[in-house]
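> Quick one, entry_36.tsv (TSV, C-alpha atoms):
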```tsv
chain	number	residue	atom	x	y	z
A	1	MET	CA	2.15	2.20	-2.83
A	2	ALA	CA	-1.59	2.25	-3.44
A	3	LEU	CA	-2.02	0.42	-0.14
A	4	TYR	CA	-3.25	3.57	1.56
A	5	GLU	CA	-6.84	4.67	1.32
A	6	GLY	CA	-7.98	7.81	-0.55
A	7	PRO	CA	-7.30	10.85	1.63
A	8	VAL	CA	-4.11	9.42	3.14
A	9	GLN	CA	-2.59	8.56	-0.24
A	10	ASN	CA	-3.69	11.97	-1.48
A	11	LEU	CA	-1.93	13.69	1.42
A	12	ILE	CA	1.25	11.64	0.82
A	13	ASP	CA	1.15	12.56	-2.89
A	14	GLU	CA	0.74	16.27	-2.16
A	15	LEU	CA	3.53	16.28	0.44
A	16	GLY	CA	5.79	14.35	-1.95
A	17	ARG	CA	5.61	17.24	-4.43
A	18	LEU	CA	7.41	19.56	-2.01
A	19	PRO	CA	11.13	20.17	-2.64
A	20	GLY	CA	13.41	17.90	-0.63
A	21	VAL	CA	10.53	15.66	0.46
A	22	GLY	CA	10.94	12.13	-0.94
A	23	PRO	CA	8.33	9.34	-0.78
A	24	LYS	CA	9.60	8.14	2.64
A	25	SER	CA	9.54	11.63	4.19
A	26	ALA	CA	6.12	12.30	2.68
A	27	GLN	CA	4.80	9.15	4.35
A	28	ARG	CA	6.44	10.06	7.65
A	29	ILE	CA	5.01	13.59	7.61
A	30	ALA	CA	1.56	12.30	6.62
A	31	PHE	CA	1.45	9.89	9.57
A	32	TYR	CA	2.74	12.61	11.86
A	33	LEU	CA	-0.16	14.81	10.74
A	34	LEU	CA	-2.70	11.99	11.11
A	35	LYS	CA	-1.50	11.47	14.69
A	36	ALA	CA	-1.28	15.20	15.50
A	37	ALA	CA	-4.02	17.13	17.25
A	38	PRO	CA	-6.59	18.30	14.64
A	39	GLU	CA	-5.96	21.96	15.53
A	40	ASP	CA	-2.20	21.58	14.93
A	41	ALA	CA	-2.68	19.99	11.51
A	42	LYS	CA	-5.27	22.56	10.50
A	43	ARG	CA	-3.05	25.42	11.65
A	44	LEU	CA	-0.48	24.23	9.12
A	45	ALA	CA	-3.13	24.07	6.39
A	46	GLN	CA	-4.32	27.56	7.33
A	47	SER	CA	-0.77	28.99	7.30
A	48	ILE	CA	-0.41	27.81	3.69
A	49	VAL	CA	-3.71	29.41	2.69
A	50	ASP	CA	-2.85	32.64	4.56
A	51	ALA	CA	0.58	32.93	2.99
A	52	LYS	CA	-0.86	32.44	-0.50
A	53	ASP	CA	-3.67	34.91	0.13
A	54	ARG	CA	-1.67	37.67	1.82
A	55	VAL	CA	1.82	37.49	0.37
A	56	SER	CA	2.79	38.51	-3.14
A	57	TRP	CA	5.75	40.15	-4.87
A	58	CYS	CA	7.08	43.63	-4.15
A	59	ARG	CA	6.08	45.84	-7.10
A	60	ARG	CA	9.57	47.38	-7.20
A	61	CYS	CA	12.16	44.71	-6.28
A	62	PHE	CA	10.18	41.42	-6.53
A	63	ASN	CA	11.02	40.35	-3.02
A	64	ILE	CA	8.10	38.84	-1.07
A	65	ALA	CA	5.77	41.52	0.25
A	66	GLU	CA	2.55	41.96	2.13
A	67	GLY	CA	1.02	44.84	0.17
A	68	GLU	CA	2.60	46.84	-2.65
A	69	LEU	CA	6.18	47.22	-1.41
A	70	CYS	CA	8.48	44.95	0.64
A	71	ALA	CA	10.02	45.94	3.98
A	72	PHE	CA	13.29	47.05	2.34
A	73	CYS	CA	11.70	49.15	-0.39
A	74	LYS	CA	9.46	50.85	2.20
A	75	ASP	CA	12.42	51.63	4.49
A	76	GLU	CA	13.58	55.15	3.60
A	77	ARG	CA	16.85	54.70	5.53
A	78	ARG	CA	18.15	52.13	3.02
A	79	ASP	CA	20.74	53.58	0.63
A	80	ALA	CA	19.09	53.81	-2.79
A	81	THR	CA	22.42	54.36	-4.59
A	82	LEU	CA	23.50	50.76	-3.82
A	83	LEU	CA	21.54	47.99	-5.51
A	84	CYS	CA	22.19	44.33	-4.75
A	85	ILE	CA	20.97	41.79	-7.32
A	86	VAL	CA	19.97	38.37	-5.97
A	87	GLU	CA	18.31	35.29	-7.44
A	88	GLU	CA	15.66	34.61	-4.78
A	89	PRO	CA	14.01	36.34	-1.78
A	90	ARG	CA	15.73	33.91	0.63
A	91	ASP	CA	19.12	35.27	-0.53
A	92	ILE	CA	18.13	38.65	0.93
A	93	VAL	CA	17.71	37.06	4.34
A	94	ALA	CA	21.19	35.53	4.12
A	95	ILE	CA	22.69	38.92	3.19
A	96	GLU	CA	20.75	40.77	5.90
A	97	ARG	CA	22.20	38.42	8.50
A	98	THR	CA	25.70	39.70	7.65
A	99	ALA	CA	24.64	43.30	8.47
A	100	GLU	CA	27.21	44.34	5.80
A	101	PHE	CA	24.81	45.84	3.32
A	102	ARG	CA	22.52	48.83	3.80
A	103	GLY	CA	21.38	49.37	0.22
A	104	ARG	CA	18.37	48.07	-1.68
A	105	TYR	CA	17.71	44.79	-3.45
A	106	HIS	CA	16.45	43.49	-6.75
A	107	VAL	CA	15.25	39.89	-6.97
A	108	LEU	CA	15.64	38.25	-10.37
A	109	GLN	CA	13.42	35.30	-9.32
A	110	GLY	CA	15.81	32.80	-10.84
A	111	ALA	CA	19.04	32.55	-12.82
A	112	ILE	CA	19.88	32.05	-16.47
A	113	SER	CA	19.84	28.33	-17.22
A	114	PRO	CA	19.71	27.18	-20.84
A	115	ILE	CA	19.14	23.58	-19.68
A	116	GLU	CA	15.97	24.55	-17.82
A	117	GLY	CA	14.95	26.97	-20.55
A	118	VAL	CA	15.40	30.07	-18.38
A	119	GLY	CA	16.72	33.08	-20.28
A	120	PRO	CA	16.83	36.80	-19.35
A	121	ASP	CA	13.19	37.18	-20.48
A	122	GLN	CA	12.02	34.80	-17.73
A	123	LEU	CA	13.85	36.87	-15.10
A	124	ARG	CA	13.09	40.36	-13.74
A	125	VAL	CA	15.78	41.96	-15.94
A	126	LYS	CA	13.55	44.40	-17.79
A	127	GLU	CA	12.26	45.69	-14.44
A	128	LEU	CA	15.87	46.06	-13.25
A	129	LEU	CA	16.72	48.29	-16.23
A	130	HIS	CA	13.70	50.47	-15.51
A	131	ARG	CA	14.79	50.87	-11.88
A	132	ILE	CA	18.36	51.85	-12.70
A	133	SER	CA	17.32	54.74	-14.89
A	134	GLY	CA	14.85	56.09	-12.33
A	135	GLU	CA	16.35	55.52	-8.87
A	136	GLY	CA	19.83	57.13	-9.00
A	137	VAL	CA	21.68	53.82	-8.59
A	138	GLU	CA	25.49	54.27	-8.46
A	139	GLU	CA	26.71	50.74	-7.80
A	140	ILE	CA	25.22	47.39	-8.67
A	141	ILE	CA	26.44	44.43	-6.62
A	142	LEU	CA	25.87	41.11	-8.39
A	143	ALA	CA	25.12	38.62	-5.61
A	144	THR	CA	23.84	35.70	-7.70
A	145	ASN	CA	25.05	32.26	-6.58
A	146	PRO	CA	28.68	31.29	-7.32
A	147	ASN	CA	27.57	28.34	-9.49
A	148	ILE	CA	27.26	27.92	-13.26
A	149	GLU	CA	23.82	29.55	-13.54
A	150	GLY	CA	24.61	32.36	-11.13
A	151	GLU	CA	27.93	33.15	-12.82
A	152	ALA	CA	26.30	33.16	-16.25
A	153	THR	CA	23.62	35.52	-14.94
A	154	ALA	CA	26.24	37.81	-13.37
A	155	MET	CA	28.25	37.88	-16.63
A	156	TYR	CA	25.13	38.64	-18.65
A	157	LEU	CA	24.10	41.49	-16.34
A	158	ALA	CA	27.63	42.92	-16.15
A	159	ARG	CA	27.76	43.16	-19.95
A	160	LEU	CA	24.28	44.64	-20.07
A	161	LEU	CA	24.89	47.24	-17.35
A	162	LYS	CA	28.48	48.36	-17.97
A	163	PRO	CA	27.58	50.61	-20.95
A	164	ALA	CA	25.21	52.57	-18.67
A	165	GLY	CA	28.29	53.90	-16.83
A	166	ILE	CA	27.30	52.38	-13.49
A	167	ARG	CA	29.85	50.65	-11.27
A	168	VAL	CA	29.12	46.88	-11.41
A	169	THR	CA	30.73	44.59	-8.79
A	170	ARG	CA	30.58	40.90	-8.01
A	171	ILE	CA	30.70	39.37	-4.51
A	172	ALA	CA	33.98	37.52	-3.82
A	173	SER	CA	34.49	33.78	-4.14
A	174	GLY	CA	37.11	32.03	-2.00
A	175	LEU	CA	37.66	29.78	0.96
A	176	PRO	CA	34.90	29.84	3.58
A	177	VAL	CA	35.98	31.45	6.85
A	178	GLY	CA	36.93	28.70	9.31
A	179	GLY	CA	37.47	26.36	6.37
A	180	ASP	CA	40.42	24.13	5.66
A	181	LEU	CA	42.72	24.39	2.62
A	182	GLU	CA	43.04	20.64	2.55
A	183	TYR	CA	39.33	20.08	2.05
A	184	ALA	CA	38.65	22.94	-0.37
A	185	ASP	CA	37.73	21.91	-3.90
A	186	GLU	CA	40.16	23.04	-6.59
A	187	VAL	CA	37.79	25.53	-8.19
A	188	THR	CA	37.20	27.36	-4.91
A	189	LEU	CA	40.90	27.31	-4.08
A	190	GLY	CA	41.68	28.59	-7.56
A	191	ARG	CA	39.23	31.44	-7.02
A	192	ALA	CA	40.83	32.19	-3.66
A	193	PHE	CA	44.18	32.63	-5.42
A	194	GLU	CA	42.70	34.63	-8.25
A	195	GLY	CA	40.96	36.99	-5.78
A	196	ARG	CA	43.98	37.43	-3.46
A	197	ARG	CA	44.45	40.88	-1.96
A	198	GLU	CA	47.36	42.92	-0.63
A	199	VAL	CA	47.74	42.45	3.13
A	200	ASP	CA	47.67	45.70	5.07
A	201	ALA	CA	50.46	45.26	7.61
B	1	MET	CA	15.23	34.90	11.53
B	2	ALA	CA	12.50	37.42	12.19
B	3	LEU	CA	13.40	39.03	8.87
B	4	TYR	CA	10.33	37.59	7.21
B	5	GLU	CA	6.99	39.26	7.45
B	6	GLY	CA	4.00	37.77	9.33
B	7	PRO	CA	2.38	35.08	7.16
B	8	VAL	CA	5.68	33.94	5.63
B	9	GLN	CA	7.38	33.51	9.03
B	10	ASN	CA	4.24	31.80	10.26
B	11	LEU	CA	4.32	29.33	7.35
B	12	ILE	CA	8.04	28.64	7.94
B	13	ASP	CA	7.35	28.03	11.65
B	14	GLU	CA	4.50	25.62	10.94
B	15	LEU	CA	6.51	23.70	8.33
B	16	GLY	CA	9.46	23.55	10.73
B	17	ARG	CA	7.35	21.56	13.21
B	18	LEU	CA	7.06	18.63	10.79
B	19	PRO	CA	9.33	15.63	11.41
B	20	GLY	CA	12.55	15.72	9.40
B	21	VAL	CA	11.99	19.32	8.29
B	22	GLY	CA	14.73	21.60	9.68
B	23	PRO	CA	14.75	25.42	9.51
B	24	LYS	CA	16.50	25.42	6.11
B	25	SER	CA	14.06	22.94	4.57
B	26	ALA	CA	11.11	24.80	6.07
B	27	GLN	CA	12.32	28.00	4.41
B	28	ARG	CA	12.89	26.20	1.11
B	29	ILE	CA	9.42	24.62	1.14
B	30	ALA	CA	7.81	27.93	2.15
B	31	PHE	CA	9.37	29.76	-0.81
B	32	TYR	CA	8.43	26.90	-3.09
B	33	LEU	CA	4.81	27.29	-1.97
B	34	LEU	CA	4.92	31.09	-2.35
B	35	LYS	CA	6.14	30.65	-5.92
B	36	ALA	CA	3.74	27.81	-6.73
B	37	ALA	CA	0.40	28.29	-8.48
B	38	PRO	CA	-2.25	29.20	-5.86
B	39	GLU	CA	-4.32	26.12	-6.74
B	40	ASP	CA	-1.33	23.81	-6.14
B	41	ALA	CA	-0.58	25.27	-2.71
B	42	LYS	CA	-4.23	25.21	-1.72
B	43	ARG	CA	-4.59	21.59	-2.88
B	44	LEU	CA	-1.90	20.68	-0.34
B	45	ALA	CA	-3.71	22.63	2.40
B	46	GLN	CA	-6.98	20.92	1.46
B	47	SER	CA	-5.39	17.46	1.48
B	48	ILE	CA	-4.32	18.04	5.10
B	49	VAL	CA	-7.80	19.15	6.11
B	50	ASP	CA	-9.40	16.22	4.24
B	51	ALA	CA	-7.12	13.65	5.80
B	52	LYS	CA	-7.82	15.00	9.29
B	53	ASP	CA	-11.57	15.13	8.67
B	54	ARG	CA	-11.99	11.77	6.98
B	55	VAL	CA	-9.34	9.49	8.44
B	56	SER	CA	-9.35	8.08	11.94
B	57	TRP	CA	-8.31	4.84	13.66
B	58	CYS	CA	-9.74	1.40	12.95
B	59	ARG	CA	-11.97	0.50	15.88
B	60	ARG	CA	-10.50	-3.01	15.98
B	61	CYS	CA	-6.79	-2.87	15.07
B	62	PHE	CA	-5.96	0.89	15.31
B	63	ASN	CA	-4.63	1.07	11.78
B	64	ILE	CA	-5.71	4.19	9.86
B	65	ALA	CA	-9.24	3.85	8.53
B	66	GLU	CA	-11.89	5.75	6.67
B	67	GLY	CA	-14.96	4.72	8.63
B	68	GLU	CA	-15.19	2.17	11.45
B	69	LEU	CA	-12.85	-0.56	10.20
B	70	CYS	CA	-9.65	-0.49	8.15
B	71	ALA	CA	-9.21	-2.26	4.81
B	72	PHE	CA	-7.59	-5.33	6.43
B	73	CYS	CA	-10.19	-5.77	9.15
B	74	LYS	CA	-12.98	-5.45	6.57
B	75	ASP	CA	-11.36	-8.05	4.29
B	76	GLU	CA	-12.95	-11.41	5.17
B	77	ARG	CA	-10.27	-13.31	3.24
B	78	ARG	CA	-7.55	-12.36	5.74
B	79	ASP	CA	-6.65	-15.20	8.14
B	80	ALA	CA	-8.02	-14.25	11.57
B	81	THR	CA	-5.96	-16.93	13.36
B	82	LEU	CA	-2.71	-15.06	12.58
B	83	LEU	CA	-2.24	-11.69	14.26
B	84	CYS	CA	0.77	-9.49	13.50
B	85	ILE	CA	1.62	-6.80	16.08
B	86	VAL	CA	3.24	-3.63	14.73
B	87	GLU	CA	4.15	-0.26	16.21
B	88	GLU	CA	2.71	2.06	13.55
B	89	PRO	CA	0.31	1.93	10.56
B	90	ARG	CA	3.23	2.53	8.16
B	91	ASP	CA	4.76	-0.79	9.30
B	92	ILE	CA	1.71	-2.56	7.84
B	93	VAL	CA	2.50	-1.11	4.42
B	94	ALA	CA	6.08	-2.40	4.63
B	95	ILE	CA	4.83	-5.89	5.56
B	96	GLU	CA	2.13	-5.89	2.84
B	97	ARG	CA	4.80	-5.18	0.24
B	98	THR	CA	6.45	-8.51	1.09
B	99	ALA	CA	3.21	-10.41	0.27
B	100	GLU	CA	4.37	-12.92	2.93
B	101	PHE	CA	1.60	-12.38	5.43
B	102	ARG	CA	-2.13	-12.98	4.95
B	103	GLY	CA	-3.30	-12.57	8.55
B	104	ARG	CA	-4.59	-9.56	10.44
B	105	TYR	CA	-2.81	-6.74	12.22
B	106	HIS	CA	-2.84	-4.93	15.52
B	107	VAL	CA	-1.23	-1.50	15.73
B	108	LEU	CA	0.19	-0.57	19.15
B	109	GLN	CA	0.58	3.08	18.10
B	110	GLY	CA	4.05	3.27	19.62
B	111	ALA	CA	6.56	1.22	21.59
B	112	ILE	CA	7.54	1.00	25.24
B	113	SER	CA	10.07	3.74	25.98
B	114	PRO	CA	10.77	4.66	29.61
B	115	ILE	CA	12.81	7.67	28.45
B	116	GLU	CA	9.83	9.14	26.61
B	117	GLY	CA	7.45	8.05	29.35
B	118	VAL	CA	5.63	5.52	27.16
B	119	GLY	CA	4.54	2.42	29.05
B	120	PRO	CA	2.06	-0.35	28.14
B	121	ASP	CA	-0.84	1.84	29.27
B	122	GLN	CA	-0.06	4.39	26.53
B	123	LEU	CA	-0.17	1.64	23.89
B	124	ARG	CA	-3.10	-0.37	22.53
B	125	VAL	CA	-2.25	-3.39	24.72
B	126	LYS	CA	-5.55	-3.62	26.58
B	127	GLU	CA	-7.37	-3.65	23.24
B	128	LEU	CA	-5.00	-6.41	22.04
B	129	LEU	CA	-5.91	-8.61	25.00
B	130	HIS	CA	-9.61	-8.11	24.30
B	131	ARG	CA	-9.11	-9.15	20.68
B	132	ILE	CA	-7.18	-12.33	21.49
B	133	SER	CA	-9.91	-13.70	23.69
B	134	GLY	CA	-12.64	-12.96	21.13
B	135	GLU	CA	-11.18	-13.60	17.67
B	136	GLY	CA	-9.74	-17.14	17.82
B	137	VAL	CA	-6.13	-16.02	17.37
B	138	GLU	CA	-3.68	-18.99	17.22
B	139	GLU	CA	-0.36	-17.25	16.55
B	140	ILE	CA	0.86	-13.79	17.43
B	141	ILE	CA	3.78	-12.49	15.37
B	142	LEU	CA	5.65	-9.68	17.13
B	143	ALA	CA	6.81	-7.36	14.36
B	144	THR	CA	7.89	-4.38	16.44
B	145	ASN	CA	11.14	-2.69	15.33
B	146	PRO	CA	14.44	-4.47	16.07
B	147	ASN	CA	15.66	-1.57	18.23
B	148	ILE	CA	15.73	-1.07	22.01
B	149	GLU	CA	12.12	0.13	22.30
B	150	GLY	CA	10.77	-2.47	19.87
B	151	GLU	CA	12.64	-5.32	21.57
B	152	ALA	CA	11.45	-4.21	25.01
B	153	THR	CA	7.88	-4.09	23.70
B	154	ALA	CA	8.21	-7.54	22.13
B	155	MET	CA	9.61	-8.98	25.37
B	156	TYR	CA	6.83	-7.40	27.40
B	157	LEU	CA	4.12	-8.75	25.10
B	158	ALA	CA	5.69	-12.20	24.91
B	159	ARG	CA	5.63	-12.50	28.72
B	160	LEU	CA	2.10	-11.16	28.83
B	161	LEU	CA	0.73	-13.47	26.11
B	162	LYS	CA	2.58	-16.77	26.71
B	163	PRO	CA	0.40	-17.76	29.70
B	164	ALA	CA	-2.68	-17.55	27.45
B	165	GLY	CA	-1.36	-20.63	25.61
B	166	ILE	CA	-1.05	-18.84	22.25
B	167	ARG	CA	1.99	-19.33	20.02
B	168	VAL	CA	4.04	-16.12	20.16
B	169	THR	CA	6.77	-15.55	17.54
B	170	ARG	CA	9.22	-12.75	16.76
B	171	ILE	CA	10.34	-11.74	13.25
B	172	ALA	CA	13.97	-12.65	12.55
B	173	SER	CA	16.90	-10.26	12.85
B	174	GLY	CA	19.99	-10.79	10.70
B	175	LEU	CA	21.92	-9.54	7.73
B	176	PRO	CA	19.87	-7.67	5.12
B	177	VAL	CA	19.53	-9.59	1.85
B	178	GLY	CA	22.08	-8.26	-0.63
B	179	GLY	CA	24.12	-6.93	2.30
B	180	ASP	CA	27.80	-7.36	2.97
B	181	LEU	CA	29.30	-9.13	6.01
B	182	GLU	CA	32.13	-6.64	6.07
B	183	TYR	CA	29.81	-3.68	6.57
B	184	ALA	CA	27.36	-5.26	9.02
B	185	ASP	CA	27.41	-3.87	12.55
B	186	GLU	CA	28.44	-6.37	15.23
B	187	VAL	CA	25.00	-6.54	16.87
B	188	THR	CA	23.29	-7.46	13.59
B	189	LEU	CA	26.01	-9.96	12.74
B	190	GLY	CA	25.70	-11.43	16.24
B	191	ARG	CA	21.96	-11.82	15.70
B	192	ALA	CA	22.59	-13.46	12.35
B	193	PHE	CA	24.71	-16.11	14.10
B	194	GLU	CA	22.25	-16.52	16.95
B	195	GLY	CA	19.38	-17.02	14.51
B	196	ARG	CA	21.24	-19.42	12.16
B	197	ARG	CA	19.19	-22.26	10.66
B	198	GLU	CA	19.88	-25.71	9.31
B	199	VAL	CA	20.43	-25.65	5.54
B	200	ASP	CA	18.11	-27.97	3.61
B	201	ALA	CA	20.42	-29.56	1.05
```
What does this structure look like when you write it as structure tokens?


Amino acid sequence: MALYEGPVQNLIDELGRLPGVGPKSAQRIAFYLLKAAPEDAKRLAQSIVDAKDRVSWCRRCFNIAEGELCAFCKDERRDATLLCIVEEPRDIVAIERTAEFRGRYHVLQGAISPIEGVGPDQLRVKELLHRISGEGVEEIILATNPNIEGEATAMYLARLLKPAGIRVTRIASGLPVGGDLEYADEVTLGRAFEGRREVDA
Amino acid sequence: MALYEGPVQNLIDELGRLPGVGPKSAQRIAFYLLKAAPEDAKRLAQSIVDAKDRVSWCRRCFNIAEGELCAFCKDERRDATLLCIVEEPRDIVAIERTAEFRGRYHVLQGAISPIEGVGPDQLRVKELLHRISGEGVEEIILATNPNIEGEATAMYLARLLKPAGIRVTRIASGLPVGGDLEYADEVTLGRAFEGRREVDA
């Protein structure tokens, strides 16, 4: 598709590198931007530059942060004895929406994946061990994704942390609320059976 | 989702305005950019600014152009007696890929849509009429989309241009090549019957 001239093709190429943006979407977005008011297009460009300039990683938990510490690490009301381990900063947002958790977070910035060459050394595991010894953590909740990489990461961390005498828990897998037994995949349904609990009646 | 801090939320908001980018994708792209090398993210920002600064509309056909005229209007080898009318610049790229057409283009920059308040005055119709009188056009091929807006636009232009004594044609609708009768919608299949042609055998 070298039918476009320089800057247009360049814009399509750059947009096409974004996750979830295929060649067709990249073209569509590029033409949208070419048609948009100059100030609208440039506001997008500026928001990218601003985010890169002003946002970095929290020195303690590796969430996104403006400044040294993220909003959760700065908040003294958060329970420092509870530490929730997640793969990515966006997972924190999902957990915060539940309003179920009032502890602190630690972002691994990925999950163990031998295929992609990601081992514990590429994750923020060393920093996690440092935190546990210093912050009076009593329970670690492993909230990595319930997929192969996330489970492997949770297993690895559980084995690593158990000897330290800290309670290590894993978030439950099972049927989604409002879901339908008929449409559940067998692995999820199997987990739902495995994780069954006494009914208080 | 005001859980993100200033520049991150701002970036997500700006990305979410792009066509085909929902809130989830905007968040995903934003975190991708935050994790990316600063030079990669800033190259994207720069490509937006460059495209807006350097690209505008062809003075003659309203395709995208660097400078006064687009690549097709500058190309003297293109047949000026054949004029293909399209809705958007990206349609030109689709047609060029077929290598079936060696004439020139005119981009309407939209289609007639009463619902969205787009009438002929919002399109490049006046400019089209100016071109026809001056450029020795012998055939006008209406290549607007085969949907309600595109058909309405084609009908409108056909009625407008017929009195000028120019041949006005419409690209064919029918079954896609490699398609399956069984899966064709009834309107397309109806068009395929309507547009049937004698077989040369």

> When you look at Ala158 of chain A with a cut-off of 12 Å (counting all atoms listed in the file), what residues show up, excluding the ones that are within fewer than 5 positions of it in the same chain? I need them as a list in words.

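Once the adjacent positions are removed, what remains is Ile85, Val125, Glu139, Ile140, Ile141, Leu142, Ala143, Thr144, Glu151, Ala152, Thr153, Pro163, Ala164, Gly165, Ile166, Arg167, Val168, Thr169 and Arg170 of chain A.
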
> Can you work out which one of A:Gly67, A:Pro114, A:Gly134, A:Gly150 has the shortest atom-to-atom distance to chain B, counting all atoms listed in the file?

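Distance minimum relative to chain B lands on A:Gly67.
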
> Quick one: residues within 8 Å of segment 16-30 of chain B, all atoms listed in the file counted, chain neighbours fewer than 3 positions away excluded, as an MDAnalysis selection string?

(chainID A and resid 18:20 25 28:29 32 90) or (chainID B and resid 8 11:13 33:34)

> With only C-alpha atoms considered, list every residue of chain A at most 6 Å from chain B, as a CSV table (one decimal) with C-alpha atoms, keeping the file's coordinate frame.


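Saved as iface.csv:
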```csv
chain,number,residue,atom,x,y,z
A,7,PRO,CA,-7.3,10.8,1.6
A,8,VAL,CA,-4.1,9.4,3.1
A,11,LEU,CA,-1.9,13.7,1.4
A,14,GLU,CA,0.7,16.3,-2.2
A,44,LEU,CA,-0.5,24.2,9.1
A,45,ALA,CA,-3.1,24.1,6.4
A,47,SER,CA,-0.8,29.0,7.3
A,51,ALA,CA,0.6,32.9,3.0
```

> Excluding Gly110 of chain B and any residue of its chain fewer than 5 positions from it, enumerate the residues within 9 Å of it, using only C-alpha atoms, and give them as a list in words.

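Skipping anything fewer than 5 positions along the chain leaves Val86, Glu87, Glu88, Val118, Gln122, Leu123, Arg124 and Gly150 of chain B.
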
> For a test of reading the model, state the distance in Å between atom CA of Ala172 of chain B and atom CA of Thr188 of chain B, rounded to one decimal.

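Going from atom CA of Ala172 of chain B over to atom CA of Thr188 of chain B covers 10.7 Å.
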
> Take atom CA of Arg131 of chain A and atom CA of Leu83 of chain A and report the distance between them in Å, one decimal.

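Separation of atom CA of Arg131 of chain A and atom CA of Leu83 of chain A: 9.7 Å.
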
> Mind pulling up the distance from atom CA of Cys58 of chain A to atom CA of Glu100 of chain A?

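Atom-to-atom, atom CA of Glu100 of chain A and atom CA of Cys58 of chain A are spaced 22.5 Å apart.
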
> Looking at A:Val187, A:Ala80, A:Leu129, A:Ala192, which one is nearest to Leu108 of chain A, with distances taken over all atoms listed in the file?

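Distance minimum relative to Leu108 of chain A lands on A:Leu129.
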
> Which polymer residues have any atom within 10 Å of an atom of Arg102 of chain B, counting only C-alpha atoms, with same-chain residues fewer than 3 positions away left out, as JSON, numbers by chain?

{"B": [72, 77, 78, 79, 80, 82, 83, 84, 95, 96, 99, 105]}

> Just the residues within 12 Å of Gly195 of chain A, please, counting all atoms listed in the file, with nothing from its chain fewer than 4 positions along; format it as a PyMOL selection string.

chain A and resi 170-175+188-191

> Of the candidates A:Ala184, A:Ile115, A:Cys61, A:Ile148, which shows the shortest atom-to-atom distance to Glu127 of chain A, using all atoms listed in the file?

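Smallest separation from Glu127 of chain A among the options: A:Cys61.
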
> Could you check the closest approach to Glu138 of chain B for each of B:Thr81, B:Leu161, B:Pro176, B:Ile112 and tell me which residue wins, using only C-alpha atoms?

B:Thr81

> Save segment 104-137 of chain B to disk from that block, C-alpha atoms included, as a short mmCIF file (atom, residue, chain, number, x, y, z; two decimals), in the first residue's frame.


```
data_model
loop_
_atom_site.label_atom_id
_atom_site.label_comp_id
_atom_site.auth_asym_id
_atom_site.auth_seq_id
_atom_site.Cartn_x
_atom_site.Cartn_y
_atom_site.Cartn_z
CA ARG B 104 -8.84 10.69 -12.94
CA TYR B 105 -10.76 11.00 -9.70
CA HIS B 106 -13.04 13.41 -7.91
CA VAL B 107 -13.51 13.03 -4.17
CA LEU B 108 -16.87 14.21 -2.82
CA GLN B 109 -15.59 14.06 0.78
CA GLY B 110 -18.76 12.36 1.96
CA ALA B 111 -22.16 11.18 0.74
CA ILE B 112 -25.67 12.60 0.87
CA SER B 113 -27.21 11.69 4.22
CA PRO B 114 -30.34 13.55 5.36
CA ILE B 115 -30.04 11.92 8.81
CA GLU B 116 -26.59 13.41 9.35
CA GLY B 117 -27.59 16.66 7.68
CA VAL B 118 -25.27 16.19 4.70
CA GLY B 119 -26.71 17.51 1.45
CA PRO B 120 -25.06 18.27 -1.92
CA ASP B 121 -23.89 21.65 -0.61
CA GLN B 122 -21.70 19.93 2.00
CA LEU B 123 -20.04 17.83 -0.71
CA ARG B 124 -17.62 18.82 -3.49
CA VAL B 125 -20.41 18.85 -6.10
CA LYS B 126 -20.04 22.47 -7.22
CA GLU B 127 -16.33 21.83 -7.82
CA LEU B 128 -17.25 18.70 -9.83
CA LEU B 129 -19.49 20.72 -12.14
CA HIS B 130 -16.70 23.24 -12.71
CA ARG B 131 -14.31 20.44 -13.64
CA ILE B 132 -16.65 18.78 -16.13
CA SER B 133 -17.07 21.91 -18.17
CA GLY B 134 -13.33 22.61 -18.28
CA GLU B 135 -11.53 19.26 -18.54
CA GLY B 136 -13.13 17.49 -21.53
CA VAL B 137 -14.65 14.68 -19.45
#
```
